[in-house]
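What follows is one structure encoded as structure tokens, with my remarks underneath.
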Amino acid sequence: FHNWTCCTGGLYFQRGQLLRGPHASHFLDPSLRALINVGGIRYAFPWSTLEDFPQSRLSRLRSCTTLREIAEFCDDYDSLHHEFFFDRDPLAFQVIFNFLGNAKLRVLQDICNVALHTELLYWGIDVGQMAPCCLHRMMCSVDDLAQHQRKEEEWRERRRALRAHAEQGSLFHKLGEAVENPHSGFAGKVFAFLSVTMVAITVVSLCISTMPDQQEHESLGECSQKCRSMFVVESVCVAWFTLEFLVRFFHAQSKLEFIQGPLNITDVAAILPYYVSLFLEFKDETVQDIVAVAGKSTLDKLGLILRVMRALRILYIMKLARHSMGLQTLGLTIQRSVTDFGLLLLFICVAVALFSPLVHLAESELAPDAARTPQLRFSSIPASYWWSIISVTTVGYGDMVPHSIPGQVGALIVILAGILILSFPSTSIFHIFNRTYNELKEEHKRLWKEERGAELATESGDSSAASWQSWASGTHTEPWITTEDCKRMEKS
């Protein structure tokens, strides 16, 4: 008998047994023990053990008297051997088995947290009886999955609404779909390519405009042929960006939400300076009137404003974030790591406030005249802040250098402290970046699968294409999530 059974061990070996071998159940008395088959693995539990958990599914089997009542709690029943069959995840049931055997509910290493939570609800086990550390880890996984599914559902509803408008609407809606979603088809890919090309041309044009020959002509008030050509190129690029912005604005379902978007605000800040500069140049007589009244200082201020507005054209490069998963990952990581960046800033401020007085005291007392110029001396604590900042951040420009032995020892301590200060929050930021990158990669993969499924459904219209589309969009559901399913999803 002992060759056919495996007990949970310890003082609780009589509370549950794992049966091995086809003849192990022949020695069981059905009036004393319940024979349970979960996914092909057989267990034996004394009814007295199951009665200690009256809310569990296994305990309720004791009160069943008919096959109809038994069928409400299990998938099948063998009346000959008195065996209850459950078509559930056998790996996750190991946690239930251990809990029934030794009254300790813990997460095992090879079991998916989400699958375990589903199984606990099915078997009627209170998750509050789990150890706090395991409970926190499991509930975090469940909450993350629920949040991810909610985002997916919102995304699918938004995509479904946009596609319905594009199919039933006018040419403008189809154009808006191509602008908003580069994966929508050939038109979307072409539009994304042209948009990236326009951004590259704008950046090159801005760089050329700062060359010495161009600045010389601009200072003389002249406009060469190269200047005219660059103006035409800039006008074409700005017209393209304006068209793209207007199409996206009128295509958006919520205009207020669209205006509040960070990337949309950046687009306005990049496009608007061109039109302001153009307006001021066309109204040259108004500018002359202002200068005649206020003097040359006003003209200098207007020139400074124009130069600043032209420099704002570099914001066009932020448009690449719409087409680059790397830039999107960077933006979301910064947004999600505000607390970590605040903690890093706090550490740096404390270190600067601590080490600046020390290096000032060491240098002002022991090496007051060692600096090459008076501007590079540690003349005061505020003057030492700059040295502390570049030392704590491990930049080290070398413009201010301590010359005394205590100052150099203090500099070594500052550098070592800076390495530790930067490493602590950086680990958390790295994990946030890695998680964000994986989320965006999965989103792009899901988008590609959905578009591919839509193409197959349009071309063939058979059931396999519809199954592909339902699986890609996430509408296909399984009876439950098993640990093997979680492993397959992680590998895919």
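Ordering of the structure tokens sets the chain letters (A, B, ...); residue numbers start at 1 within each chain; ligands are numbered from 1 in the order shown.
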
Among region 48-268 of chain A, which residues carry a DSSP assignment of helix (DSSP H, G or I), reported as a PyMOL selection string?
chain A and resi 48-51+57-63+67-71+90-102+113-123+127-129+132-168+171-180+182-184+186-209+212-219+225-251+255-259+262-268

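Among A:Gly398, A:Pro54, A:Gly176, A:Gly124, the residue with the shortest atom-to-atom distance to Phe245 (chain A), counting only C-alpha atoms, is A:Gly176.
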
Surrounding residues of Leu422 (chain A) excluding itself and chain neighbours under 5 positions, 12 Å, only C-alpha atoms, as a PDB file with C-alpha atoms, in the first residue's frame:
```pdb
ATOM      1  CA  ASP A 340      11.950  57.454  -8.981  1.00  0.00           C
ATOM      2  CA  PHE A 341      13.303  60.592 -10.628  1.00  0.00           C
ATOM      3  CA  LEU A 343      13.885  60.241  -5.325  1.00  0.00           C
ATOM      4  CA  LEU A 344      17.053  60.556  -7.411  1.00  0.00           C
ATOM      5  CA  LEU A 345      16.819  64.353  -7.325  1.00  0.00           C
ATOM      6  CA  LEU A 346      16.361  64.241  -3.552  1.00  0.00           C
ATOM      7  CA  PHE A 347      19.482  62.092  -3.126  1.00  0.00           C
ATOM      8  CA  ILE A 348      21.536  64.449  -5.289  1.00  0.00           C
ATOM      9  CA  ALA A 351      24.612  64.983  -1.252  1.00  0.00           C
ATOM     10  CA  SER A 391      31.081  65.245  -8.976  1.00  0.00           C
ATOM     11  CA  VAL A 392      27.998  63.524  -7.539  1.00  0.00           C
ATOM     12  CA  THR A 393      26.660  62.910 -11.058  1.00  0.00           C
ATOM     13  CA  THR A 394      30.122  61.528 -12.019  1.00  0.00           C
ATOM     14  CA  VAL A 395      30.472  64.030 -14.899  1.00  0.00           C
ATOM     15  CA  ILE A 415      32.536  60.311  -6.340  1.00  0.00           C
ATOM     16  CA  LEU A 416      31.921  56.993  -4.557  1.00  0.00           C
ATOM     17  CA  ALA A 417      28.754  58.368  -2.973  1.00  0.00           C
ATOM     18  CA  THR A 427      17.616  49.806 -10.998  1.00  0.00           C
ATOM     19  CA  SER A 428      13.932  50.616 -10.544  1.00  0.00           C
ATOM     20  CA  ILE A 429      13.922  52.825 -13.654  1.00  0.00           C
TER      21      ILE A 429
END
```

Identify, on the basis of only C-alpha atoms, every residue whose closest approach to Ser380 (chain A) does not exceed 10 Å; exclude the query and any residue fewer than 6 positions from it along the same chain; express the result as a ChimeraX atom specification.
/A:356-357,359-361,364

Written file, previous selection with C-alpha atoms, as an mmCIF file, in the first residue's frame:
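Contents of out05.cif, freshly written:
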```cif
data_model
loop_
_atom_site.group_PDB
_atom_site.id
_atom_site.type_symbol
_atom_site.label_atom_id
_atom_site.label_comp_id
_atom_site.auth_asym_id
_atom_site.auth_seq_id
_atom_site.Cartn_x
_atom_site.Cartn_y
_atom_site.Cartn_z
ATOM 1 C CA SER A 356 29.719 71.467 -0.600
ATOM 2 C CA PRO A 357 30.486 72.929 2.871
ATOM 3 C CA VAL A 359 35.071 70.892 0.302
ATOM 4 C CA HIS A 360 34.707 74.639 0.789
ATOM 5 C CA LEU A 361 36.168 74.375 4.288
ATOM 6 C CA SER A 364 39.472 77.780 1.659
#
```

Which residues are near Thr66 (chain A)? Cut-off 12 Å, only C-alpha atoms, ignore same chain within fewer than 5 positions. Put them as a ChimeraX atom specification.
/A:61,71-73,77,79

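Among the candidate residues A:Ala200, A:Ala362, A:Ile111, A:Ile265, the one lying nearest to Ile314 (chain A) is A:Ala200, with distances computed using only C-alpha atoms.
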
Among region 34-150 of chain A, which residues carry a DSSP assignment of strand (DSSP E or B), reported as a PyMOL selection string?
chain A and resi 34-38+41-46+76-78+83-86+105+130

Output file for the residues above (C-alpha atoms, as a JSON list (two decimals), in the first residue's frame):
```
[["chain", "number", "residue", "atom", "x", "y", "z"],
["A", 34, "ALA", "CA", -12.88, 10.74, -1.20],
["A", 35, "LEU", "CA", -11.14, 9.65, -4.40],
["A", 36, "ILE", "CA", -10.36, 12.74, -6.51],
["A", 37, "ASN", "CA", -8.98, 12.73, -10.07],
["A", 38, "VAL", "CA", -7.65, 16.11, -11.24],
["A", 41, "ILE", "CA", -3.66, 12.66, -11.20],
["A", 42, "ARG", "CA", -5.46, 10.85, -8.39],
["A", 43, "TYR", "CA", -5.69, 11.94, -4.75],
["A", 44, "ALA", "CA", -7.33, 10.52, -1.66],
["A", 45, "PHE", "CA", -8.67, 12.82, 1.07],
["A", 46, "PRO", "CA", -10.38, 11.74, 4.28],
["A", 76, "ASP", "CA", -17.64, 13.36, -14.16],
["A", 77, "TYR", "CA", -18.22, 10.61, -11.62],
["A", 78, "ASP", "CA", -17.40, 6.89, -11.67],
["A", 83, "GLU", "CA", -14.11, 8.45, -8.20],
["A", 84, "PHE", "CA", -14.72, 12.18, -8.81],
["A", 85, "PHE", "CA", -13.19, 13.62, -12.00],
["A", 86, "PHE", "CA", -12.19, 17.28, -12.42],
["A", 105, "LEU", "CA", -1.46, 28.07, 1.36],
["A", 130, "MET", "CA", -2.55, 32.60, 1.86]]
```

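Separating CA of Ser56 (chain A) from CA of Gln149 (chain A) is a distance of 28.4 Å.
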
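Between CA of Phe241 (chain A) and CA of Leu263 (chain A) lies a distance of 12.9 Å.
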
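Interatomic distance, CA of Phe193 (chain A) to CA of Leu278 (chain A): 27.7 Å.
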